[in-house]
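**Student:** Dropping in coords30.txt, with compact mmCIF, C-alpha atoms.
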```
# COMPACT_ATOMS: atom_id res chain seq x y z
CA MET A 503 -13.20 -124.51 -158.48
CA ILE A 504 -15.72 -127.06 -157.15
CA SER A 505 -14.04 -127.08 -153.73
CA GLY A 506 -14.19 -123.27 -153.73
CA ILE A 507 -17.90 -123.28 -154.51
CA PHE A 508 -18.52 -125.96 -151.88
CA SER A 509 -16.50 -124.02 -149.33
CA SER A 510 -18.46 -120.83 -150.08
CA PHE A 511 -21.71 -122.76 -149.70
CA VAL A 512 -20.63 -124.21 -146.36
CA VAL A 513 -19.57 -120.78 -145.08
CA SER A 514 -22.87 -119.23 -146.18
CA VAL A 515 -24.77 -121.95 -144.32
CA LEU A 516 -22.61 -121.58 -141.22
CA LYS A 517 -23.15 -117.81 -141.16
CA ARG A 518 -26.90 -118.44 -140.84
CA MET A 519 -26.35 -120.48 -137.71
CA PRO A 520 -25.83 -119.00 -134.24
CA LEU A 521 -22.08 -118.46 -134.16
CA LYS A 522 -19.82 -117.64 -131.27
CA GLN A 523 -17.39 -114.80 -131.73
CA VAL A 524 -13.75 -115.47 -131.04
CA TYR A 525 -11.06 -112.85 -130.66
CA ALA A 526 -7.57 -112.83 -132.12
CA HIS A 527 -6.53 -109.46 -130.80
CA CYS A 528 -7.13 -107.69 -127.54
CA ASP A 529 -6.07 -104.14 -126.98
CA ILE A 530 -6.95 -102.68 -123.62
CA PRO A 531 -6.22 -105.74 -121.42
CA CYS A 532 -2.58 -106.01 -122.44
CA GLY A 533 -2.03 -102.68 -124.20
CA ILE A 534 0.68 -103.79 -126.60
CA TYR A 535 1.30 -101.12 -129.21
CA THR A 536 3.62 -100.77 -132.17
CA ALA A 537 4.05 -98.18 -134.89
CA ASP A 538 5.41 -100.69 -137.42
CA PRO A 539 2.13 -101.65 -139.14
CA ALA A 540 1.29 -98.02 -139.96
CA VAL A 541 4.74 -97.37 -141.47
CA VAL A 542 4.74 -100.64 -143.43
CA ALA A 543 1.27 -99.86 -144.78
CA ALA A 544 2.41 -96.37 -145.86
CA ARG A 545 5.47 -97.90 -147.60
CA THR A 546 3.15 -100.30 -149.40
CA VAL A 547 0.98 -97.40 -150.59
CA LEU A 548 4.05 -95.65 -152.01
CA LYS A 549 5.23 -98.83 -153.70
CA MET A 550 1.83 -99.33 -155.33
CA VAL A 551 1.74 -95.73 -156.59
CA GLU A 552 5.23 -96.19 -158.05
CA LYS A 553 3.98 -99.28 -159.87
CA ILE A 554 0.88 -97.47 -161.15
CA VAL A 555 2.84 -94.53 -162.55
CA ASN A 556 5.34 -96.94 -164.10
CA PRO A 557 2.94 -99.53 -165.47
CA PRO A 558 3.98 -102.76 -167.17
CA ALA A 559 4.32 -102.73 -170.93
CA VAL A 560 1.22 -103.74 -172.87
CA ASP A 561 0.76 -104.90 -176.44
CA GLU A 562 -2.66 -103.51 -177.29
CA LYS A 563 -3.00 -105.91 -180.20
CA ASN A 564 -2.55 -108.92 -177.90
CA ILE A 565 -5.68 -109.67 -175.87
CA ASP A 566 -3.73 -111.59 -173.21
CA SER A 567 -1.33 -108.70 -172.81
CA VAL A 568 -4.25 -106.29 -172.42
CA ARG A 569 -5.95 -108.54 -169.86
CA ASN A 570 -2.77 -108.95 -167.83
CA PHE A 571 -2.19 -105.20 -167.90
CA HIS A 572 -5.67 -104.45 -166.56
CA ASN A 573 -5.32 -107.22 -163.99
CA ALA A 574 -2.02 -105.81 -162.74
CA MET A 575 -3.28 -102.23 -162.57
CA THR A 576 -6.44 -103.31 -160.78
CA ARG A 577 -4.42 -105.19 -158.19
CA TYR A 578 -2.08 -102.22 -157.64
CA VAL A 579 -5.09 -99.96 -157.00
CA LEU A 580 -6.72 -102.56 -154.74
CA VAL A 581 -3.60 -102.99 -152.61
CA LYS A 582 -3.11 -99.20 -152.47
CA GLU A 583 -6.68 -98.84 -151.21
CA GLN A 584 -6.34 -101.61 -148.65
CA HIS A 585 -3.06 -100.37 -147.22
CA ALA A 586 -4.08 -96.72 -147.12
CA GLN A 587 -7.07 -97.87 -145.04
CA LYS A 588 -4.85 -100.10 -142.89
CA CYS A 589 -2.45 -97.22 -142.30
CA LYS A 590 -5.36 -95.05 -141.17
CA GLU A 591 -6.65 -97.75 -138.82
CA GLU A 592 -3.21 -98.37 -137.28
CA LEU A 593 -2.66 -94.64 -136.78
CA LEU A 594 -6.08 -94.32 -135.14
CA ILE A 595 -5.19 -97.09 -132.68
CA LEU A 596 -2.07 -95.21 -131.62
CA TRP A 597 -3.94 -91.89 -131.48
CA THR A 598 -6.95 -93.06 -129.52
CA ASP A 599 -5.48 -95.86 -127.39
CA TYR A 600 -1.78 -95.24 -126.84
CA PHE A 601 -1.22 -91.50 -126.59
CA LYS A 602 -2.64 -89.83 -123.48
CA GLN A 603 -3.31 -86.27 -122.35
CA ASP A 604 0.13 -86.14 -120.67
CA HIS A 605 1.85 -86.64 -124.02
CA LEU A 606 0.63 -83.25 -125.22
CA ALA A 607 3.21 -81.59 -123.00
CA THR A 608 5.98 -83.29 -125.00
CA PHE A 609 4.18 -83.30 -128.36
CA PRO A 610 1.95 -80.19 -128.47
CA ASP A 611 1.11 -80.74 -132.15
CA LEU A 612 0.26 -84.41 -131.65
CA HIS A 613 -3.41 -84.10 -132.62
CA GLU A 614 -2.64 -82.08 -135.72
CA LYS A 615 -0.02 -84.61 -136.86
CA PHE A 616 -2.48 -87.47 -136.55
CA TRP A 617 -5.28 -85.51 -138.22
CA LYS A 618 -3.05 -84.60 -141.18
CA ALA A 619 -1.79 -88.18 -141.48
CA ALA A 620 -5.36 -89.48 -141.54
CA LYS A 621 -6.20 -86.96 -144.27
CA LEU A 622 -3.19 -88.17 -146.26
CA CYS A 623 -4.48 -91.74 -145.98
CA SER A 624 -7.75 -90.63 -147.56
CA ARG A 625 -5.92 -88.67 -150.25
CA ALA A 626 -3.81 -91.74 -151.08
CA LYS A 627 -7.00 -93.66 -151.80
CA GLN A 628 -8.57 -90.89 -153.88
CA GLU A 629 -5.54 -90.06 -156.00
CA VAL A 630 -2.57 -91.55 -157.79
CA SER A 631 0.07 -89.19 -156.49
CA LEU A 632 3.71 -89.87 -155.75
CA GLU A 633 3.83 -86.62 -153.81
CA GLY A 634 0.85 -87.65 -151.71
CA ALA A 635 2.22 -91.15 -151.06
CA ARG A 636 5.61 -89.77 -150.05
CA ALA A 637 3.90 -87.26 -147.75
CA LEU A 638 1.90 -90.10 -146.17
CA LEU A 639 5.06 -92.14 -145.52
CA ALA A 640 6.79 -89.10 -144.04
CA ALA A 641 3.78 -88.45 -141.79
CA ALA A 642 3.63 -92.09 -140.65
CA GLU A 643 7.38 -92.11 -139.93
CA GLU A 644 7.07 -88.86 -137.99
CA ILE A 645 4.34 -90.37 -135.84
CA ALA A 646 6.44 -93.52 -135.36
CA GLU A 647 9.29 -91.31 -134.13
CA MET A 648 6.89 -89.63 -131.66
CA PHE A 649 5.78 -93.05 -130.50
CA HIS A 650 9.37 -94.28 -129.98
CA LYS A 651 10.30 -91.08 -128.16
CA ALA A 652 7.27 -91.42 -125.89
CA ALA A 653 8.27 -95.02 -125.19
CA ARG A 654 11.83 -93.96 -124.28
CA LEU A 655 10.44 -91.35 -121.90
CA GLN A 656 8.13 -93.97 -120.40
CA THR A 657 10.99 -96.45 -119.89
CA PRO A 658 14.17 -94.50 -119.03
CA GLY A 659 17.26 -96.20 -120.39
CA ALA A 660 15.38 -98.19 -122.99
CA SER A 661 16.43 -97.65 -126.57
CA ALA A 662 14.13 -97.60 -129.53
CA THR A 663 14.96 -100.37 -131.93
CA GLY A 664 14.18 -98.43 -135.06
CA GLY A 665 10.83 -99.87 -135.85
CA GLN A 666 10.95 -103.16 -134.00
CA GLU A 667 9.59 -101.80 -130.75
CA ALA A 668 6.33 -102.91 -129.25
CA VAL A 669 5.35 -100.98 -126.15
CA LYS A 670 3.30 -102.22 -123.27
CA HIS A 671 1.17 -99.36 -122.03
CA MET B 854 -4.15 -113.91 -136.32
CA ALA B 855 -3.64 -112.27 -139.71
CA PRO B 856 -3.05 -113.54 -142.25
CA SER B 857 -4.19 -117.00 -141.08
CA VAL B 858 -7.51 -115.67 -139.77
CA SER B 859 -9.02 -112.26 -140.54
CA ASP B 860 -11.99 -110.26 -139.33
CA GLY B 861 -15.23 -111.85 -140.49
CA ASP B 862 -13.75 -115.28 -141.20
CA VAL B 863 -15.79 -118.28 -140.13
CA VAL B 864 -13.84 -120.98 -138.33
CA PHE B 865 -14.93 -124.49 -137.51
CA ALA B 866 -13.72 -125.94 -134.23
CA SER B 867 -14.14 -129.33 -132.69
CA SER B 868 -13.23 -130.71 -129.30
CA LEU B 869 -12.96 -134.14 -130.94
CA PHE B 870 -9.58 -133.14 -132.33
CA HIS B 871 -6.94 -132.41 -129.73
CA PRO B 872 -4.76 -129.55 -130.94
CA ARG B 873 -1.09 -130.21 -131.41
CA PRO B 874 1.78 -127.71 -131.66
CA GLY B 875 1.32 -125.78 -134.88
CA ASP B 876 -2.47 -126.07 -134.89
CA ILE B 877 -4.86 -123.16 -134.57
CA ALA B 878 -7.13 -123.62 -131.57
CA ILE B 879 -10.02 -121.98 -129.76
CA VAL B 880 -9.06 -121.27 -126.15
CA ARG B 881 -10.92 -119.70 -123.27
CA ASP B 882 -9.35 -116.36 -122.32
CA PRO B 883 -7.48 -116.98 -119.03
CA LEU B 884 -8.18 -113.34 -118.11
CA ASP B 885 -11.90 -113.42 -118.97
CA ALA B 886 -13.79 -116.72 -118.85
CA GLU B 887 -16.64 -115.31 -120.98
CA ARG B 888 -14.34 -114.61 -123.90
CA LEU B 889 -13.00 -117.04 -126.50
CA LEU B 890 -9.68 -116.51 -128.23
CA ILE B 891 -8.23 -118.00 -131.38
CA LYS B 892 -4.50 -118.64 -131.14
CA ARG B 893 -1.85 -121.02 -132.41
CA ILE B 894 -0.54 -123.77 -130.15
CA VAL B 895 3.22 -123.30 -129.89
CA ARG B 896 4.10 -126.03 -127.40
CA ILE B 897 2.48 -128.31 -124.88
CA GLU B 898 4.20 -129.16 -121.61
CA LYS B 899 2.47 -131.68 -119.38
CA GLU B 900 -0.96 -130.21 -118.60
CA ASN B 901 -0.27 -126.70 -119.95
CA CYS B 902 0.24 -125.09 -123.31
CA TRP B 903 1.85 -121.98 -124.75
CA VAL B 904 -0.25 -120.10 -127.31
CA GLU B 905 0.59 -117.19 -129.55
CA GLY B 906 -1.19 -115.17 -132.20
CA ASP B 907 0.24 -115.19 -135.71
CA ASN B 908 0.10 -111.39 -135.87
CA LYS B 909 2.76 -111.04 -133.20
CA GLY B 910 2.74 -107.26 -132.98
CA LEU B 911 -0.95 -107.08 -132.08
CA SER B 912 -1.57 -110.32 -130.22
CA CYS B 913 -2.14 -110.67 -126.51
CA ASP B 914 -1.14 -114.23 -125.75
CA SER B 915 1.10 -116.44 -123.63
CA ARG B 916 3.84 -113.87 -123.94
CA GLN B 917 1.66 -111.75 -121.65
CA PHE B 918 -0.42 -114.27 -119.68
CA GLY B 919 1.95 -117.26 -119.68
CA TYR B 920 1.07 -120.93 -120.05
CA ILE B 921 -2.61 -121.83 -119.95
CA PRO B 922 -4.01 -125.10 -118.61
CA LEU B 923 -5.04 -127.57 -121.30
CA HIS B 924 -8.63 -127.59 -120.09
CA LEU B 925 -8.94 -124.03 -121.44
CA VAL B 926 -8.19 -125.32 -124.94
CA LEU B 927 -11.64 -126.02 -126.34
CA GLY B 928 -10.64 -127.56 -129.65
CA ARG B 929 -8.71 -127.41 -132.87
CA ALA B 930 -9.94 -124.84 -135.40
CA TRP B 931 -10.03 -124.64 -139.16
CA ASN B 932 -10.59 -121.46 -141.13
CA MET B 933 -13.50 -121.99 -143.53
CA ALA B 934 -12.71 -118.79 -145.49
```
Could you write out this structure as structure tokens?

**Tutor:**
Amino acid sequence: MISGIFSSFVVSVLKRMPLKQVYAHCDIPCGIYTADPAVVAARTVLKMVEKIVNPPAVDEKNIDSVRNFHNAMTRYVLVKEQHAQKCKEELLILWTDYFKQDHLATFPDLHEKFWKAAKLCSRAKQEVSLEGARALLAAAEEIAEMFHKAARLQTPGASATGGQEAVKH
Amino acid sequence: MAPSVSDGDVVFASSLFHPRPGDIAIVRDPLDAERLLIKRIVRIEKENCWVEGDNKGLSCDSRQFGYIPLHLVLGRAWNMA
């Protein structure tokens, strides 16, 4: 606990100093894209919703049991929120950076698919809905399939590896 | 570099500590000298090193730009988060 407080103090002091920004990820220079993070995030959302609708047993007369129940439920909601947001961010990267105007000839409903998927990400945060979470996963997987198909068209003879593909664009 | 380093994290780096394979290091972008990158040292061969990001799917690193000269490695880094 003391080391945590000390660490927080050090970080707060450092943040007041002139800091240099360093980058872990670059997008445009190398253009490496993958649909995996969006699909994994959508799967995580569904898993969290399943856990919320099937909550752990709680003994309301036992204060520790009640605390652990609330802790678990809070964490499920937190992770659902985080991964719905991550799914949206990953989809937006594919939509805005990977797919180009030319892709509309092959995928005429591309924009609508991404728009609906983004809406489902928001709905997943606002609601506890198995139907909504399943719809989000289906939408993310559909976009991943579009992405893999576009990659195969870009690189004739290449085969999609079912979710393990990273495409250089 | 997720989950080792995330957006907003503060890292401390020092040129006093020479990074070894497995360490996180600050390196100058070989494609843009004005830009600093944070990557993990994978191996060092003579005067060059191979760096990769921990978040493999989203990292631009030696897999794209190859070995980088050791003089571009500015120092070992520690995540203060």

**Student:** Taking only C-alpha atoms into account, which of A:Val515, A:Leu521, A:Leu548, A:Ala642 comes nearest Lys618 (chain A)?

**Tutor:**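 When distances to Lys618 (chain A) are compared using only C-alpha atoms, the smallest one comes from A:Ala642.
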
**Student:** Please report as a tab-separated table every residue of chain B lying within 12 Å of chain A, along with the nearest atom pair and their distance in Å (one decimal), using all atoms listed in the file.

**Tutor:**
```
residue	atom	partner	partner_atom	distance
B:Met854	CA	A:Ala526	CA	5.5
B:Ala855	CA	A:Ala526	CA	8.6
B:Pro856	CA	A:Ala526	CA	11.1
B:Ser857	CA	A:Ala526	CA	10.4
B:Val858	CA	A:Ala526	CA	8.2
B:Ser859	CA	A:Ala526	CA	8.6
B:Asp860	CA	A:Ala526	CA	8.8
B:Gly861	CA	A:Gln523	CA	9.5
B:Asp862	CA	A:Val513	CA	8.9
B:Val863	CA	A:Val513	CA	6.7
B:Val864	CA	A:Val513	CA	8.9
B:Phe865	CA	A:Leu516	CA	9.0
B:Ala866	CA	A:Lys522	CA	10.7
B:Ile877	CA	A:Ala526	CA	11.0
B:Ala878	CA	A:Val524	CA	10.5
B:Ile879	CA	A:Val524	CA	7.6
B:Val880	CA	A:Val524	CA	8.9
B:Arg881	CA	A:Val524	CA	9.3
B:Asp882	CA	A:Tyr525	CA	9.2
B:Pro883	CA	A:Pro531	CA	11.6
B:Leu884	CA	A:Pro531	CA	8.5
B:Asp885	CA	A:Pro531	CA	9.9
B:Glu887	CA	A:Val524	CA	10.5
B:Arg888	CA	A:Val524	CA	7.2
B:Leu889	CA	A:Val524	CA	4.9
B:Leu890	CA	A:Tyr525	CA	4.6
B:Ile891	CA	A:Ala526	CA	5.3
B:Lys892	CA	A:Ala526	CA	6.6
B:Arg893	CA	A:Ala526	CA	10.0
B:Val904	CA	A:Ala526	CA	11.4
B:Glu905	CA	A:Ala526	CA	9.6
B:Gly906	CA	A:Ala526	CA	6.8
B:Asp907	CA	A:Ala526	CA	8.9
B:Asn908	CA	A:His527	CA	8.6
B:Lys909	CA	A:Ala668	CA	9.7
B:Gly910	CA	A:Thr536	CA	6.6
B:Leu911	CA	A:His527	CA	6.2
B:Ser912	CA	A:His527	CA	5.1
B:Cys913	CA	A:Cys528	CA	5.9
B:Asp914	CA	A:His527	CA	8.8
B:Ser915	CA	A:Cys532	CA	11.1
B:Arg916	CA	A:Cys532	CA	10.3
B:Gln917	CA	A:Cys532	CA	7.2
B:Phe918	CA	A:Cys532	CA	9.0
B:Leu927	CA	A:Val524	CA	11.7
B:Ala930	CA	A:Val524	CA	11.0
B:Trp931	CA	A:Val513	CA	11.9
B:Asn932	CA	A:Val513	CA	9.8
B:Met933	CA	A:Val513	CA	6.4
B:Ala934	CA	A:Val513	CA	7.2
```

**Student:** Take the residues from that selection and write them out as a JSON list (two decimals), keeping the file's coordinate frame, keeping C-alpha atoms.

**Tutor:**
```json
[["chain", "number", "residue", "atom", "x", "y", "z"],
["B", 854, "MET", "CA", -4.15, -113.91, -136.32],
["B", 855, "ALA", "CA", -3.64, -112.27, -139.71],
["B", 856, "PRO", "CA", -3.05, -113.54, -142.25],
["B", 857, "SER", "CA", -4.19, -117.00, -141.08],
["B", 858, "VAL", "CA", -7.51, -115.67, -139.77],
["B", 859, "SER", "CA", -9.02, -112.26, -140.54],
["B", 860, "ASP", "CA", -11.99, -110.26, -139.33],
["B", 861, "GLY", "CA", -15.23, -111.85, -140.49],
["B", 862, "ASP", "CA", -13.75, -115.28, -141.20],
["B", 863, "VAL", "CA", -15.79, -118.28, -140.13],
["B", 864, "VAL", "CA", -13.84, -120.98, -138.33],
["B", 865, "PHE", "CA", -14.93, -124.49, -137.51],
["B", 866, "ALA", "CA", -13.72, -125.94, -134.23],
["B", 877, "ILE", "CA", -4.86, -123.16, -134.57],
["B", 878, "ALA", "CA", -7.13, -123.62, -131.57],
["B", 879, "ILE", "CA", -10.02, -121.98, -129.76],
["B", 880, "VAL", "CA", -9.06, -121.27, -126.15],
["B", 881, "ARG", "CA", -10.92, -119.70, -123.27],
["B", 882, "ASP", "CA", -9.35, -116.36, -122.32],
["B", 883, "PRO", "CA", -7.48, -116.98, -119.03],
["B", 884, "LEU", "CA", -8.18, -113.34, -118.11],
["B", 885, "ASP", "CA", -11.90, -113.42, -118.97],
["B", 887, "GLU", "CA", -16.64, -115.31, -120.98],
["B", 888, "ARG", "CA", -14.34, -114.61, -123.90],
["B", 889, "LEU", "CA", -13.00, -117.04, -126.50],
["B", 890, "LEU", "CA", -9.68, -116.51, -128.23],
["B", 891, "ILE", "CA", -8.23, -118.00, -131.38],
["B", 892, "LYS", "CA", -4.50, -118.64, -131.14],
["B", 893, "ARG", "CA", -1.85, -121.02, -132.41],
["B", 904, "VAL", "CA", -0.25, -120.10, -127.31],
["B", 905, "GLU", "CA", 0.59, -117.19, -129.55],
["B", 906, "GLY", "CA", -1.19, -115.17, -132.20],
["B", 907, "ASP", "CA", 0.24, -115.19, -135.71],
["B", 908, "ASN", "CA", 0.10, -111.39, -135.87],
["B", 909, "LYS", "CA", 2.76, -111.04, -133.20],
["B", 910, "GLY", "CA", 2.74, -107.26, -132.98],
["B", 911, "LEU", "CA", -0.95, -107.08, -132.08],
["B", 912, "SER", "CA", -1.57, -110.32, -130.22],
["B", 913, "CYS", "CA", -2.14, -110.67, -126.51],
["B", 914, "ASP", "CA", -1.14, -114.23, -125.75],
["B", 915, "SER", "CA", 1.10, -116.44, -123.63],
["B", 916, "ARG", "CA", 3.84, -113.87, -123.94],
["B", 917, "GLN", "CA", 1.66, -111.75, -121.65],
["B", 918, "PHE", "CA", -0.42, -114.27, -119.68],
["B", 927, "LEU", "CA", -11.64, -126.02, -126.34],
["B", 930, "ALA", "CA", -9.94, -124.84, -135.40],
["B", 931, "TRP", "CA", -10.03, -124.64, -139.16],
["B", 932, "ASN", "CA", -10.59, -121.46, -141.13],
["B", 933, "MET", "CA", -13.50, -121.99, -143.53],
["B", 934, "ALA", "CA", -12.71, -118.79, -145.49]]
```

**Student:** Would you kindly return, as a count of residues only, each protein, DNA or RNA residue with an atom no farther than 12 Å from any atom of Ala574 (chain A), considering only C-alpha atoms and excluding same-chain residues fewer than 6 positions away?

**Tutor:** 12

**Student:** Quick one: distance from CA of Val555 (chain A) to CA of Gln587 (chain A) in Å, one decimal?

**Tutor:**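 Here the two named atoms are 20.4 Å from each other.
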
**Student:** Suppose you want the space between CA of Ala620 (chain A) and CA of Lys590 (chain A); what is it in Å?

**Tutor:** 5.6 Å

**Student:** To one decimal in Å, tell me the separation between CA of Thr598 (chain A) and CA of Glu629 (chain A).

**Tutor:** 26.7 Å

**Student:** Return as AutoDock Vina command-line options the box centre and box size in Å, one decimal, for an axis-aligned box around all listed atoms of region 884-900 of chain B padded by 6 Å per side.

**Tutor:**
```
--center_x -6.2 --center_y -122.5 --center_z -125.3 --size_x 32.8 --size_y 30.3 --size_z 26.3
```
